[in-house]
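*Asks:* Below is the file structure.cif, with mmCIF, C-alpha atoms (C1' of nucleotides).
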```cif
data_input
#
loop_
_atom_site.label_atom_id
_atom_site.label_comp_id
_atom_site.auth_asym_id
_atom_site.auth_seq_id
_atom_site.Cartn_x
_atom_site.Cartn_y
_atom_site.Cartn_z
CA MET A 729 122.48 152.78 82.30
CA ALA A 730 122.50 149.15 81.41
CA LYS A 731 123.27 146.50 83.94
CA ASP A 732 127.04 146.46 84.11
CA LEU A 733 126.51 145.17 87.56
CA ASP A 734 128.68 142.16 87.38
CA PRO A 735 129.87 141.56 90.89
CA ASP A 736 132.85 139.63 89.59
CA SER A 737 134.24 142.31 87.38
CA MET A 738 132.97 145.59 88.69
CA HIS A 739 134.58 145.96 92.03
CA CYS A 740 137.46 143.78 93.06
CA ASN A 741 137.39 140.04 92.78
CA CYS A 742 137.19 139.55 96.48
CA PRO A 743 135.69 136.15 97.28
CA VAL A 744 134.59 137.52 100.61
CA THR A 745 132.22 139.77 98.74
CA THR A 746 130.89 136.78 96.86
CA THR A 747 130.12 135.09 100.14
CA LEU A 748 128.48 138.20 101.45
CA GLU A 749 126.35 138.50 98.36
CA ILE A 750 125.10 134.98 98.77
CA LEU A 751 124.18 135.03 102.41
CA GLY A 752 123.45 138.69 102.48
CA GLY A 753 120.06 139.92 103.41
CA ARG A 754 118.37 139.57 106.68
CA TRP A 755 117.11 136.04 106.72
CA LYS A 756 119.33 133.77 104.70
CA PRO A 757 121.88 132.93 107.37
CA ILE A 758 119.12 132.18 109.83
CA ILE A 759 117.40 129.93 107.33
CA LEU A 760 120.61 128.09 106.63
CA TYR A 761 121.13 127.75 110.32
CA CYS A 762 117.69 126.21 110.70
CA LEU A 763 118.39 123.68 107.99
CA GLN A 764 121.62 122.41 109.47
CA ASP A 765 119.95 119.62 111.38
CA GLY A 766 118.03 118.17 108.47
CA PRO A 767 115.20 118.90 106.05
CA VAL A 768 112.52 121.28 107.24
CA ARG A 769 109.14 122.07 105.79
CA PHE A 770 108.01 125.51 104.76
CA ASN A 771 105.70 126.18 107.64
CA ALA A 772 108.06 124.65 110.13
CA LEU A 773 110.68 127.08 108.94
CA LYS A 774 108.22 129.90 109.31
CA ARG A 775 107.59 128.89 112.88
CA MET A 776 111.30 128.55 113.62
CA ILE A 777 111.97 132.09 112.47
CA PRO A 778 109.79 134.52 114.37
CA GLY A 779 109.18 137.70 112.47
CA ILE A 780 109.72 136.43 108.97
CA THR A 781 106.91 136.87 106.49
CA GLN A 782 105.83 134.32 103.95
CA ARG A 783 107.06 136.60 101.24
CA MET A 784 110.55 136.92 102.61
CA LEU A 785 110.76 133.25 103.41
CA THR A 786 109.75 132.35 99.89
CA LEU A 787 112.11 134.83 98.30
CA SER A 788 115.04 133.86 100.46
CA LEU A 789 114.41 130.19 99.87
CA ARG A 790 114.26 130.76 96.13
CA GLU A 791 117.54 132.60 96.09
CA LEU A 792 119.28 130.04 98.23
CA GLU A 793 118.00 127.37 95.89
CA THR A 794 119.16 129.31 92.83
CA ASP A 795 122.56 129.72 94.38
CA GLY A 796 122.70 125.99 94.89
CA LEU A 797 122.88 126.05 98.65
CA ILE A 798 119.67 124.27 99.39
CA LEU A 799 117.50 121.66 97.77
CA ARG A 800 113.77 121.90 97.37
CA HIS A 801 111.77 118.72 97.44
CA VAL A 802 108.13 118.81 96.42
CA ARG A 803 105.84 115.94 97.17
CA GLU A 804 102.68 116.21 95.13
CA VAL A 805 100.05 115.19 97.57
CA VAL A 806 96.69 116.58 98.57
CA PRO A 807 98.01 118.80 101.30
CA PRO A 808 101.10 120.08 99.51
CA HIS A 809 104.28 118.95 101.13
CA VAL A 810 107.54 120.77 100.41
CA ASP A 811 110.70 120.48 102.34
CA TYR A 812 114.04 122.17 102.12
CA ALA A 813 117.42 120.69 102.85
CA MET A 814 121.04 121.70 102.67
CA SER A 815 122.80 120.76 99.47
CA PRO A 816 126.40 119.57 99.56
CA LEU A 817 127.43 123.07 98.59
CA GLY A 818 125.33 124.53 101.36
CA ASP A 819 126.84 122.03 103.69
CA SER A 820 130.28 123.29 102.82
CA LEU A 821 129.20 126.63 104.18
CA ARG A 822 128.78 125.28 107.67
CA PRO A 823 132.28 126.03 108.93
CA VAL A 824 131.80 129.59 107.76
CA LEU A 825 128.48 129.89 109.51
CA HIS A 826 130.07 128.39 112.57
CA ALA A 827 132.93 130.87 112.49
CA MET A 828 130.51 133.74 112.12
CA ASN A 829 128.46 132.42 114.97
CA GLU A 830 131.45 132.13 117.24
CA TRP A 831 132.70 135.58 116.41
CA GLY A 832 129.28 137.19 116.84
CA ALA A 833 129.04 135.68 120.30
CA TYR A 834 132.56 136.76 121.12
CA TYR A 835 131.89 140.26 119.86
CA ARG A 836 129.00 140.63 122.25
CA THR A 837 131.18 139.76 125.19
CA GLN A 838 133.75 142.31 124.11
CA THR A 839 131.49 145.28 123.69
CA THR A 840 130.82 147.37 126.72
CA PRO A 841 127.87 145.93 128.62
CA GLN A 842 126.11 149.26 128.38
CA LYS A 843 124.19 148.10 125.36
CA ALA A 844 125.78 148.56 122.01
CA ARG A 845 126.61 151.81 120.38
CA SER A 846 124.00 152.53 117.78
CA ASP A 847 120.88 152.64 119.89
CA ALA A 848 121.77 156.07 121.16
CA ALA A 849 119.12 157.48 118.85
CA MET B 1080 122.65 149.70 109.74
CA ALA B 1081 121.92 148.11 113.02
CA LYS B 1082 119.05 150.08 114.33
CA ASP B 1083 117.24 149.23 117.50
CA LEU B 1084 117.82 145.65 118.25
CA ASP B 1085 115.00 145.16 120.64
CA PRO B 1086 115.27 141.73 122.10
CA ASP B 1087 111.55 141.88 122.65
CA SER B 1088 110.75 142.80 119.13
CA MET B 1089 111.32 140.34 116.49
CA HIS B 1090 114.18 138.56 114.95
CA CYS B 1091 116.08 136.02 116.93
CA ASN B 1092 119.27 136.67 118.81
CA CYS B 1093 121.37 134.79 116.33
CA PRO B 1094 125.04 135.79 116.65
CA VAL B 1095 125.47 135.12 112.97
CA THR B 1096 123.12 138.00 112.35
CA THR B 1097 125.22 140.17 114.62
CA THR B 1098 128.26 139.39 112.54
CA LEU B 1099 126.38 140.08 109.36
CA GLU B 1100 125.20 143.41 110.68
CA ILE B 1101 128.72 144.45 111.45
CA LEU B 1102 130.42 143.53 108.24
CA GLY B 1103 127.31 143.87 106.18
CA GLY B 1104 127.20 146.40 103.43
CA ARG B 1105 129.17 146.35 100.32
CA TRP B 1106 132.54 147.69 101.32
CA LYS B 1107 133.33 146.81 104.90
CA PRO B 1108 134.79 143.36 104.31
CA ILE B 1109 136.96 144.72 101.53
CA ILE B 1110 138.19 147.51 103.75
CA LEU B 1111 138.99 145.10 106.54
CA TYR B 1112 140.76 142.95 104.04
CA CYS B 1113 142.88 145.87 102.93
CA LEU B 1114 143.85 146.65 106.50
CA GLN B 1115 145.05 143.19 107.33
CA ASP B 1116 148.63 143.93 106.38
CA GLY B 1117 149.00 147.08 108.42
CA PRO B 1118 147.81 150.67 108.72
CA VAL B 1119 146.64 152.34 105.54
CA ARG B 1120 145.85 155.95 104.80
CA PHE B 1121 142.55 157.23 103.54
CA ASN B 1122 143.58 157.89 99.98
CA ALA B 1123 145.59 154.73 99.80
CA LEU B 1124 142.48 152.85 100.80
CA LYS B 1125 140.55 154.68 98.15
CA ARG B 1126 143.06 153.61 95.53
CA MET B 1127 143.05 150.05 96.75
CA ILE B 1128 139.32 149.78 96.37
CA PRO B 1129 138.30 150.70 92.84
CA GLY B 1130 134.74 151.90 92.61
CA ILE B 1131 134.29 153.13 96.14
CA THR B 1132 133.28 156.72 96.63
CA GLN B 1133 134.67 159.02 99.26
CA ARG B 1134 131.34 159.07 100.95
CA MET B 1135 131.07 155.32 101.26
CA LEU B 1136 134.66 155.00 102.37
CA THR B 1137 134.15 157.60 105.06
CA LEU B 1138 130.89 156.11 106.24
CA SER B 1139 132.17 152.56 106.28
CA LEU B 1140 135.29 153.61 108.12
CA ARG B 1141 133.25 155.45 110.69
CA GLU B 1142 131.02 152.48 111.31
CA LEU B 1143 133.91 150.10 111.59
CA GLU B 1144 135.50 152.45 114.05
CA THR B 1145 132.31 152.76 116.05
CA ASP B 1146 132.01 149.01 116.13
CA GLY B 1147 135.52 148.85 117.51
CA LEU B 1148 137.02 146.92 114.64
CA ILE B 1149 139.46 149.50 113.45
CA LEU B 1150 141.48 152.33 114.95
CA ARG B 1151 141.71 155.79 113.50
CA HIS B 1152 144.91 157.70 113.96
CA VAL B 1153 144.99 161.39 113.09
CA ARG B 1154 148.25 163.24 112.75
CA GLU B 1155 147.62 166.96 112.83
CA VAL B 1156 149.96 168.23 110.19
CA VAL B 1157 149.62 170.67 107.36
CA PRO B 1158 148.56 168.11 104.83
CA PRO B 1159 146.20 166.11 107.00
CA HIS B 1160 147.41 162.61 107.61
CA VAL B 1161 144.99 159.96 108.82
CA ASP B 1162 145.57 156.28 108.87
CA TYR B 1163 143.44 153.33 109.80
CA ALA B 1164 144.49 150.09 111.39
CA MET B 1165 142.91 146.91 112.67
CA SER B 1166 142.07 146.87 116.35
CA PRO B 1167 142.51 143.72 118.41
CA LEU B 1168 138.81 143.09 118.02
CA GLY B 1169 139.07 143.57 114.29
CA ASP B 1170 141.99 141.24 114.30
CA SER B 1171 139.87 138.58 115.93
CA LEU B 1172 137.69 138.73 112.87
CA ARG B 1173 140.43 137.53 110.61
CA PRO B 1174 139.69 133.81 110.83
CA VAL B 1175 136.10 134.60 109.90
CA LEU B 1176 137.19 136.70 106.96
CA HIS B 1177 139.55 133.93 105.98
CA ALA B 1178 136.81 131.33 106.13
CA MET B 1179 134.55 133.51 104.05
CA ASN B 1180 137.32 134.08 101.56
CA GLU B 1181 138.01 130.39 101.23
CA TRP B 1182 134.38 129.52 100.80
CA GLY B 1183 133.77 132.27 98.26
CA ALA B 1184 136.63 130.96 96.17
CA TYR B 1185 135.39 127.42 96.53
CA TYR B 1186 131.89 128.45 95.61
CA ARG B 1187 133.10 129.90 92.34
CA THR B 1188 134.72 126.66 91.37
CA GLN B 1189 131.60 124.71 92.17
CA THR B 1190 129.07 126.84 90.41
CA THR B 1191 128.24 126.64 86.74
CA PRO B 1192 129.88 129.52 84.86
CA GLN B 1193 126.51 130.93 83.87
CA LYS B 1194 125.65 132.61 87.09
CA ALA B 1195 123.02 135.15 86.27
CA ARG B 1196 120.83 135.64 89.24
CA SER B 1197 122.16 139.10 90.01
CA ASP B 1198 121.01 140.77 86.85
CA ALA B 1199 118.33 138.39 85.77
CA ALA B 1200 115.82 141.04 86.71
"C1'" DC C 1037 144.50 165.25 101.93
"C1'" DT C 1038 140.44 164.13 104.43
"C1'" DG C 1039 135.85 164.42 104.93
"C1'" DA C 1040 131.08 166.74 105.53
"C1'" DA C 1041 126.48 168.02 103.28
"C1'" DT C 1042 122.91 167.40 100.08
"C1'" DC C 1043 120.10 165.06 96.74
"C1'" DC C 1044 118.43 160.99 94.49
"C1'" DT C 1045 117.55 156.14 93.02
"C1'" DG C 1046 116.78 151.43 93.58
"C1'" DA C 1047 117.15 147.45 96.45
"C1'" DC C 1048 115.39 145.31 100.40
"C1'" DC C 1049 111.82 144.33 103.23
"C1'" DG C 1050 107.07 144.30 105.50
"C1'" DA C 1051 101.76 144.01 105.52
"C1'" DT C 1052 97.98 142.27 103.50
"C1'" DA C 1053 95.10 139.73 100.45
"C1'" DC C 1054 94.39 136.04 97.21
"C1'" DT C 1055 95.12 131.04 95.15
"C1'" DG C 1056 95.81 125.84 93.91
"C1'" DC D 491 100.14 123.76 103.13
"C1'" DA D 492 102.79 126.46 100.30
"C1'" DG D 493 102.92 129.70 97.90
"C1'" DT D 494 101.90 134.40 94.53
"C1'" DA D 495 100.48 139.41 93.83
"C1'" DT D 496 100.39 144.09 94.89
"C1'" DC D 497 101.44 148.17 97.43
"C1'" DG D 498 104.31 150.99 99.91
"C1'" DG D 499 107.98 152.39 103.34
"C1'" DT D 500 112.71 152.65 104.71
"C1'" DC D 501 117.38 152.81 103.91
"C1'" DA D 502 121.92 151.65 101.89
"C1'" DG D 503 124.57 153.44 98.67
"C1'" DG D 504 126.02 156.54 94.44
"C1'" DA D 505 126.96 161.38 92.33
"C1'" DT D 506 128.16 165.73 93.21
"C1'" DT D 507 129.56 169.70 95.65
"C1'" DC D 508 131.56 172.26 99.48
"C1'" DA D 509 135.00 172.81 103.41
"C1'" DG D 510 139.00 172.61 106.83
#
```
Can you turn what I pasted into structure tokens?

*Replies:*
Amino acid sequence: MAKDLDPDSMHCNCPVTTTLEILGGRWKPIILYCLQDGPVRFNALKRMIPGITQRMLTLSLRELETDGLILRHVREVVPPHVDYAMSPLGDSLRPVLHAMNEWGAYYRTQTTPQKARSDAA
Amino acid sequence: MAKDLDPDSMHCNCPVTTTLEILGGRWKPIILYCLQDGPVRFNALKRMIPGITQRMLTLSLRELETDGLILRHVREVVPPHVDYAMSPLGDSLRPVLHAMNEWGAYYRTQTTPQKARSDAA
DNA sequence: CTGAATCCTGACCGATACTG
DNA sequence: CAGTATCGGTCAGGATTCAG
């Protein structure tokens, strides 16, 4: 089976899905969130996001860059210096991130205080 | 899906992540989108979403119901009749969905037509 | 009509080690 | 400091079949 996996043509043309594809995965929204206040260096990012591995940080950063949401700035000095910043396109995502943040917080207040549902296991 | 979310464990308590967990997956946002105009029956939903399998529709519906975003109404008649509708909580998600929809559409206009990251592997 | 059960594949993700 | 390489585990999701 060849790759007919064209998200735009396969299932419906829902832009919501496009958005989900882009900030899908476990770390991307958090990374974006960390970059909202200005450029951040690789290791700083790693420290800001407890639990992320170098591999996942690198991969996520690469994808965000490929999707045009962030900018990667390399300064060729003896101790390598790379920082990441929101691009204008990434910046346009902020209201969305904000909305998701608000709703996530609201959702937690609305669920029964007896922990959520799925940890019954 | 959302497994144990041990606050002690790792990833941060970011509400954005909560939101992503809930409407993560490939079909949930589309389903929610389809329910925005009123209750829809199982098979109708299946027809509205080309490409979805019965399994995924059932599973997604169950999770959305468990998360309190939709309501499931069973009418016990000879040909089983089940319809799904947005709950108030699900309704509160609409602005978020709308924001994501807007941004996804905007993103497509801003990106070079040769998007290829999905199947560049 | 609605949905459960089973099997299978690949994507996503984590740990660790190595490099310029 | 900022990555890359390799290995492997877990799980979402797809195909198919069975059932009420």

*Asks:* With a distance threshold of 9 Å and counting only C-alpha atoms (C1' of nucleotides), extract the residues of chain C near chain A and express them as a list in words.

*Replies:* DC1048, DC1049, DG1050 and DA1051 of chain C

*Asks:* Tell me which of B:Glu1181, B:Asp1170, B:Asp1116, B:Glu1155 sits closest to chain D, counting all atoms listed in the file.

*Replies:*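 The closest residue to chain D is B:Glu1155.
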
*Asks:* Once chain A is fitted to chain B on all Cα atoms paired one-to-one in order, how large is the remaining RMSD?

*Replies:*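 The optimal C-alpha superposition leaves an RMSD of 2.7 Å.
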
*Asks:* Within 9 Å of chain D, which residues belong to chain A? Use all atoms listed in the file and report them as a list in words.

*Replies:*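 That gives the following set of residues: Phe770, Asn771, Gln782, Arg783, Thr786, Pro807, Pro808, His809 and Val810 of chain A.
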
*Asks:* How many Å separate CA of Leu1114 (chain B) from CA of Met1165 (chain B)?

*Replies:*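 Distance between the two atoms: 6.2 Å.
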
*Asks:* By how many Å are CA of Trp1106 (chain B) and CA of Ser1139 (chain B) apart?

*Replies:*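 It comes out at 7.0 Å.
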
*Asks:* Assuming 8 Å of padding per side, give the centre and edge lengths of the axis-aligned box around every listed atom of region 1037-1053 of chain C, in Å to one decimal and as AutoDock Vina command-line options.

*Replies:*
```
--center_x 119.8 --center_y 153.9 --center_z 99.3 --size_x 65.4 --size_y 44.3 --size_z 28.5
```

*Asks:* Quote the spacing between C1' of DG1039 (chain C) and CA of Ser1166 (chain B) in Å to one decimal place.

*Replies:* 21.8 Å

*Asks:* Ranking B:Gly1183, B:Ala1164, B:Thr1188, B:Pro1174 by minimum distance to chain A and counting only C-alpha atoms, which one comes first?

*Replies:*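 For chain A, the nearest of the candidates is B:Gly1183.
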